[in-house]
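Here is upload.cif, consisting of mmCIF, C-alpha atoms and all ligand atoms:
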data_input
#
loop_
_atom_site.group_PDB
_atom_site.id
_atom_site.type_symbol
_atom_site.label_atom_id
_atom_site.label_comp_id
_atom_site.auth_asym_id
_atom_site.auth_seq_id
_atom_site.Cartn_x
_atom_site.Cartn_y
_atom_site.Cartn_z
ATOM 1 C CA MET A 1 88.286 24.261 142.883
ATOM 2 C CA LYS A 2 90.924 26.502 141.338
ATOM 3 C CA SER A 3 90.460 29.717 139.409
ATOM 4 C CA LEU A 4 92.216 32.161 137.144
ATOM 5 C CA GLU A 5 91.327 35.311 135.253
ATOM 6 C CA CYS A 6 92.254 36.445 131.756
ATOM 7 C CA LEU A 7 91.706 39.730 129.995
ATOM 8 C CA LEU A 8 90.230 39.239 126.513
ATOM 9 C CA THR A 9 91.081 42.532 124.817
ATOM 10 C CA ASP A 10 88.949 42.006 121.704
ATOM 11 C CA GLU A 11 86.660 39.523 119.987
ATOM 12 C CA ALA A 12 89.656 37.740 118.454
ATOM 13 C CA ALA A 13 90.937 37.052 121.989
ATOM 14 C CA THR A 14 87.586 35.505 122.968
ATOM 15 C CA ASN A 15 87.774 33.336 119.846
ATOM 16 C CA GLU A 16 91.303 32.234 120.674
ATOM 17 C CA PHE A 17 90.270 31.442 124.243
ATOM 18 C CA GLY A 18 87.418 29.271 122.905
ATOM 19 C CA GLU A 19 89.792 27.486 120.534
ATOM 20 C CA ASP A 20 92.249 26.794 123.368
ATOM 21 C CA LEU A 21 89.546 25.333 125.586
ATOM 22 C CA ALA A 22 88.400 23.057 122.753
ATOM 23 C CA LEU A 23 91.791 21.369 123.058
ATOM 24 C CA ALA A 24 91.492 21.030 126.827
ATOM 25 C CA LEU A 25 88.011 19.642 127.409
ATOM 26 C CA LYS A 26 86.753 16.086 127.164
ATOM 27 C CA ALA A 27 83.537 14.102 127.263
ATOM 28 C CA GLY A 28 81.781 14.565 130.585
ATOM 29 C CA ASP A 29 82.867 18.191 131.003
ATOM 30 C CA CYS A 30 80.074 20.677 131.677
ATOM 31 C CA VAL A 31 80.870 24.351 131.058
ATOM 32 C CA ALA A 32 78.586 26.947 132.630
ATOM 33 C CA LEU A 33 78.794 30.253 130.721
ATOM 34 C CA SER A 34 77.792 33.118 132.993
ATOM 35 C CA GLY A 35 77.663 36.821 132.265
ATOM 36 C CA ASP A 36 75.313 39.580 131.184
ATOM 37 C CA LEU A 37 73.871 40.031 127.737
ATOM 38 C CA GLY A 38 76.720 40.935 125.396
ATOM 39 C CA ALA A 39 79.441 39.538 127.672
ATOM 40 C CA GLY A 40 80.648 37.116 124.983
ATOM 41 C CA LYS A 41 79.074 33.771 125.957
ATOM 42 C CA SER A 42 77.867 32.976 122.440
ATOM 43 C CA THR A 43 81.117 34.219 120.891
ATOM 44 C CA PHE A 44 83.009 31.793 123.123
ATOM 45 C CA ALA A 45 80.634 28.901 122.337
ATOM 46 C CA ARG A 46 80.857 29.515 118.567
ATOM 47 C CA ALA A 47 84.670 29.566 118.599
ATOM 48 C CA PHE A 48 84.770 26.458 120.802
ATOM 49 C CA ILE A 49 82.406 24.497 118.538
ATOM 50 C CA ARG A 50 84.140 25.599 115.322
ATOM 51 C CA ALA A 51 87.516 24.546 116.745
ATOM 52 C CA MET A 52 86.126 21.183 117.846
ATOM 53 C CA ALA A 53 84.657 20.774 114.340
ATOM 54 C CA ASP A 54 87.898 21.965 112.737
ATOM 55 C CA ASP A 55 85.668 24.122 110.515
ATOM 56 C CA GLU A 56 85.939 27.873 110.984
ATOM 57 C CA ALA A 57 82.876 28.525 108.803
ATOM 58 C CA LEU A 58 80.535 26.088 110.576
ATOM 59 C CA GLU A 59 77.092 27.585 111.228
ATOM 60 C CA VAL A 60 76.533 27.797 114.978
ATOM 61 C CA PRO A 61 72.953 29.019 115.374
ATOM 62 C CA SER A 62 71.921 30.437 118.717
ATOM 63 C CA PRO A 63 69.885 27.918 120.740
ATOM 64 C CA THR A 64 67.755 30.769 122.123
ATOM 65 C CA PHE A 65 64.472 29.201 120.953
ATOM 66 C CA THR A 66 65.415 25.528 120.543
ATOM 67 C CA LEU A 67 67.206 25.640 123.948
ATOM 68 C CA VAL A 68 69.786 23.169 122.666
ATOM 69 C CA GLN A 69 71.829 22.635 119.497
ATOM 70 C CA SER A 70 73.822 19.419 119.203
ATOM 71 C CA TYR A 71 76.978 18.843 117.178
ATOM 72 C CA ASP A 72 78.261 15.393 116.294
ATOM 73 C CA LEU A 73 81.980 16.182 116.347
ATOM 74 C CA ARG A 74 85.293 14.567 117.355
ATOM 75 C CA ILE A 75 83.785 14.930 120.812
ATOM 76 C CA PRO A 76 80.025 15.580 120.641
ATOM 77 C CA VAL A 77 79.096 19.066 121.878
ATOM 78 C CA ALA A 78 75.649 20.152 123.100
ATOM 79 C CA HIS A 79 75.155 23.930 123.277
ATOM 80 C CA PHE A 80 72.347 24.927 125.651
ATOM 81 C CA ASP A 81 70.780 28.353 126.150
ATOM 82 C CA LEU A 82 68.543 28.109 129.202
ATOM 83 C CA TYR A 83 67.308 31.713 129.156
ATOM 84 C CA ARG A 84 63.814 30.563 128.157
ATOM 85 C CA LEU A 85 63.724 27.460 130.333
ATOM 86 C CA ALA A 86 60.541 27.580 132.417
ATOM 87 C CA ASP A 87 61.662 25.127 135.078
ATOM 88 C CA ALA A 88 64.899 23.312 135.966
ATOM 89 C CA SER A 89 63.144 19.945 135.551
ATOM 90 C CA GLU A 90 62.890 20.616 131.782
ATOM 91 C CA LEU A 91 66.632 20.119 131.462
ATOM 92 C CA ASP A 92 65.965 16.396 131.640
ATOM 93 C CA GLU A 93 63.639 16.513 128.609
ATOM 94 C CA LEU A 94 66.313 18.330 126.609
ATOM 95 C CA GLY A 95 68.579 15.297 126.975
ATOM 96 C CA PHE A 96 71.142 16.961 129.182
ATOM 97 C CA ASP A 97 72.286 13.790 130.980
ATOM 98 C CA GLU A 98 72.792 11.836 127.744
ATOM 99 C CA ALA A 99 74.634 14.759 126.180
ATOM 100 C CA LEU A 100 76.994 14.921 129.151
ATOM 101 C CA THR A 101 77.618 11.167 129.065
ATOM 102 C CA GLU A 102 78.485 11.328 125.356
ATOM 103 C CA GLY A 103 80.331 14.594 125.212
ATOM 104 C CA ILE A 104 80.714 18.186 126.362
ATOM 105 C CA CYS A 105 77.862 20.478 127.443
ATOM 106 C CA LEU A 106 78.156 24.261 127.055
ATOM 107 C CA VAL A 107 75.433 25.990 129.047
ATOM 108 C CA GLU A 108 74.457 29.652 128.666
ATOM 109 C CA TRP A 109 72.298 31.074 131.509
ATOM 110 C CA PRO A 110 73.105 28.169 133.893
ATOM 111 C CA ASP A 111 71.372 29.967 136.791
ATOM 112 C CA ARG A 112 68.025 29.003 135.164
ATOM 113 C CA ALA A 113 68.654 25.353 136.094
ATOM 114 C CA GLU A 114 71.097 25.667 138.973
ATOM 115 C CA GLU A 115 69.781 22.673 140.911
ATOM 116 C CA ALA A 116 69.648 20.402 137.839
ATOM 117 C CA LEU A 117 73.226 21.021 136.668
ATOM 118 C CA PRO A 118 76.146 18.935 137.944
ATOM 119 C CA ALA A 119 77.898 20.505 140.930
ATOM 120 C CA VAL A 120 81.244 19.448 139.473
ATOM 121 C CA ARG A 121 81.615 21.740 136.489
ATOM 122 C CA ILE A 122 83.731 24.391 134.846
ATOM 123 C CA THR A 123 82.387 27.916 135.229
ATOM 124 C CA LEU A 124 83.376 30.737 132.890
ATOM 125 C CA THR A 125 82.176 34.121 134.085
ATOM 126 C CA LEU A 126 82.494 36.805 131.429
ATOM 127 C CA SER A 127 82.221 40.511 132.163
ATOM 128 C CA HIS A 128 82.800 43.803 130.396
ATOM 129 C CA GLU A 129 86.098 45.509 131.059
ATOM 130 C CA GLY A 130 86.692 48.698 129.098
ATOM 131 C CA ASP A 131 86.183 47.832 125.425
ATOM 132 C CA GLY A 132 87.135 44.191 126.115
ATOM 133 C CA ARG A 133 86.061 41.396 128.414
ATOM 134 C CA ARG A 134 87.386 39.655 131.492
ATOM 135 C CA VAL A 135 86.875 35.937 132.001
ATOM 136 C CA ASN A 136 87.090 34.132 135.320
ATOM 137 C CA VAL A 137 87.652 30.394 134.995
ATOM 138 C CA THR A 138 86.729 28.257 137.999
ATOM 139 C CA ALA A 139 87.135 24.502 137.698
ATOM 140 C CA PRO A 140 87.873 21.334 139.637
ATOM 141 C CA GLU A 141 91.631 20.797 139.869
ATOM 142 C CA ALA A 142 91.997 18.136 137.141
ATOM 143 C CA ALA A 143 90.029 20.125 134.552
ATOM 144 C CA PHE A 144 91.720 23.335 135.659
ATOM 145 C CA ASP A 145 95.166 21.859 135.004
ATOM 146 C CA ARG A 146 94.094 20.745 131.500
ATOM 147 C CA ILE A 147 92.793 24.261 130.796
ATOM 148 C CA VAL A 148 95.962 25.975 132.025
ATOM 149 C CA ARG A 149 98.060 23.704 129.822
ATOM 150 C CA SER A 150 95.939 24.502 126.742
ATOM 151 C CA LEU A 151 96.182 28.260 127.419
ATOM 152 C CA ALA A 152 99.976 28.014 127.620
ATOM 153 C CA ILE A 153 100.424 26.357 124.207
HETATM 154 P P1 LIG B 1 76.369 36.977 124.905
HETATM 155 O O1 LIG B 1 76.141 35.655 124.249
HETATM 156 O O2 LIG B 1 77.060 36.862 126.233
HETATM 157 O O3 LIG B 1 75.117 37.810 125.015
HETATM 158 P P2 LIG B 1 77.878 37.632 122.499
HETATM 159 O O4 LIG B 1 78.816 36.494 122.406
HETATM 160 O O5 LIG B 1 76.686 37.633 121.595
HETATM 161 O O6 LIG B 1 77.379 37.835 124.011
HETATM 162 O O7 LIG B 1 78.777 38.913 122.270
HETATM 163 C C1 LIG B 1 78.275 40.226 122.199
HETATM 164 C C2 LIG B 1 79.286 41.097 121.489
HETATM 165 O O8 LIG B 1 80.516 41.157 122.204
HETATM 166 C C3 LIG B 1 79.604 40.624 120.083
HETATM 167 O O9 LIG B 1 79.420 41.708 119.213
HETATM 168 C C4 LIG B 1 81.070 40.225 120.146
HETATM 169 O O10 LIG B 1 81.734 40.546 118.954
HETATM 170 C C5 LIG B 1 81.590 41.077 121.296
HETATM 171 N N1 LIG B 1 82.786 40.509 121.968
HETATM 172 C C6 LIG B 1 83.022 39.230 122.317
HETATM 173 N N2 LIG B 1 84.198 39.107 122.970
HETATM 174 C C7 LIG B 1 84.732 40.358 123.042
HETATM 175 C C8 LIG B 1 85.943 40.898 123.615
HETATM 176 N N3 LIG B 1 86.826 40.112 124.257
HETATM 177 N N4 LIG B 1 86.149 42.223 123.498
HETATM 178 C C9 LIG B 1 85.239 43.016 122.875
HETATM 179 N N5 LIG B 1 84.076 42.574 122.325
HETATM 180 C C10 LIG B 1 83.824 41.260 122.405
HETATM 181 MG MG MG B 2 74.276 34.713 123.712
#
Would you mind writing the structure in this file as structure tokens?
Ligand code: ADP
Ligand code: MG
Amino acid sequence: MKSLECLLTDEAATNEFGEDLALALKAGDCVALSGDLGAGKSTFARAFIRAMADDEALEVPSPTFTLVQSYDLRIPVAHFDLYRLADASELDELGFDEALTEGICLVEWPDRAEEALPAVRITLTLSHEGDGRRVNVTAPEAAFDRIVRSLAI
């Protein structure tokens, strides 16, 4: 595993970070989005999905109640919010494995299903820093190198 940290000074920076990662990720990548309420997880996911859709006005509803929202894009994206998951075994019923085979999974509140998520994954940990946010990116080496390249473009 390798890691890096970036300072995201405002919401636009979180959006840009999401857009960059949309260029870097591929089918089979699982992204765990960690961080407190208001840390920017959903902002990141929305920017990522809109960039993958190449549609900056695409509706990206929160999967708070549905637990998952799926997008049939250039690479399919499944956006999970596991806050209301009762048990890790339910991840199966939500079609997580199929979604990961077909495309990219973005997972908010991954700690709710820790044991059911793949151990090999990209973790973004967002936290408040002043008026902005800090993001720590931890990823297996191959994915990490793709991410670093996309951030440098
Ligand atoms: P979460 O899904 O983690 O609860 P949200 O994505 O809903 O958090 O974001 C909460 C708020 O934080 C939103 O109002 C958003 O505009 C703001 N925000 C996102 N990224 C940043 C940033 N880098 N700096 C300042 N505010 C941000
Ligand atoms: Mg959210």
Kindly assemble as CSV a list of the chain A residues that lie within 6 Å of ligand LIG 1 (chain B), each paired with its nearest atom pair and their distance in Å to one decimal, using all atoms listed in the file, sorted first by chain and then by ascending residue number.
residue,atom,partner,partner_atom,distance
A:Leu8,CA,B:LIG1,N3,4.2
A:Thr9,CA,B:LIG1,N3,4.9
A:Asp10,CA,B:LIG1,N4,3.3
A:Glu11,CA,B:LIG1,C7,3.7
A:Ala13,CA,B:LIG1,N3,5.6
A:Thr14,CA,B:LIG1,N3,4.8
A:Asp36,CA,B:LIG1,O2,5.9
A:Leu37,CA,B:LIG1,O3,3.7
A:Gly38,CA,B:LIG1,O6,3.5
A:Ala39,CA,B:LIG1,O2,3.9
A:Gly40,CA,B:LIG1,O4,3.2
A:Lys41,CA,B:LIG1,O2,3.7
A:Ser42,CA,B:LIG1,O4,3.6
A:Thr43,CA,B:LIG1,O4,3.6
A:Asp131,CA,B:LIG1,C9,5.5
A:Gly132,CA,B:LIG1,N4,3.4
A:Arg133,CA,B:LIG1,N3,4.4
**OP:** Mind checking which residues fall within 7 Å of Ala27 (chain A), counting all atoms listed in the file, ignoring those fewer than 4 positions away in the same chain, and posting them as a list in words?
**Re:** Ile75, Leu100, Thr101, Glu102, Gly103 and Ile104 of chain A
As JSON, what would the box around region 61-77 of chain A look like: edges along x, y and z, 8 Å added on every side, centre and edge lengths in Å to one decimal?
{"center_x": 74.9, "center_y": 22.7, "center_z": 119.7, "size_x": 36.8, "size_y": 32.2, "size_z": 24.6}
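Among A:Ala99, A:Cys105, A:Val135, A:Met52, the residue with the shortest atom-to-atom distance to Ala24 (chain A), counting all atoms listed in the file, is A:Met52.
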**OP:** Find the residue from A:Gly35, A:Arg134, A:Glu56, A:Ile122 that sits nearest to Met1 (chain A); use only C-alpha atoms when measuring.
**Re:**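 Selected residue with least distance to Met1 (chain A): A:Ile122.
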Original post:
For ligand MG 2 (chain B), which of A:Phe96, A:Tyr83, A:Phe17, A:Tyr71 is the closest residue, counting only C-alpha atoms and all ligand atoms?
Top reply: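 Checking each of A:Phe96, A:Tyr83, A:Phe17, A:Tyr71 against ligand MG 2 (chain B), counting only C-alpha atoms and all ligand atoms, the winner is A:Tyr83.
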Original post:
Counting only C-alpha atoms, which residues come within 12 Å of (97.1, 30.5, 130.2), with the point read in the file's coordinates, and could you list them as a list in words?
Top reply: Ser3, Leu4, Glu5, Cys6, Leu7, Leu8, Glu16, Phe17, Asp20, Leu21, Ala24, Val135, Asn136, Val137, Phe144, Asp145, Arg146, Ile147, Val148, Arg149, Ser150, Leu151, Ala152 and Ile153 of chain A
**OP:** Kindly indicate which residue among A:Ala51, A:Leu124, A:Ala88, A:Leu33 lies nearest to ligand MG 2 (chain B), using only C-alpha atoms and all ligand atoms for the distances.
**Re:**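 Looking at the shortest contact to ligand MG 2 (chain B), the residue is A:Leu33.
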Original post:
Which residue, A:Val107, A:Val77, A:Val120, A:Ala142, has the smallest gap to ligand MG 2 (chain B) when you use all atoms listed in the file?
Top reply: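 Between A:Val107, A:Val77, A:Val120, A:Ala142, the residue approaching ligand MG 2 (chain B) most closely is A:Val107.
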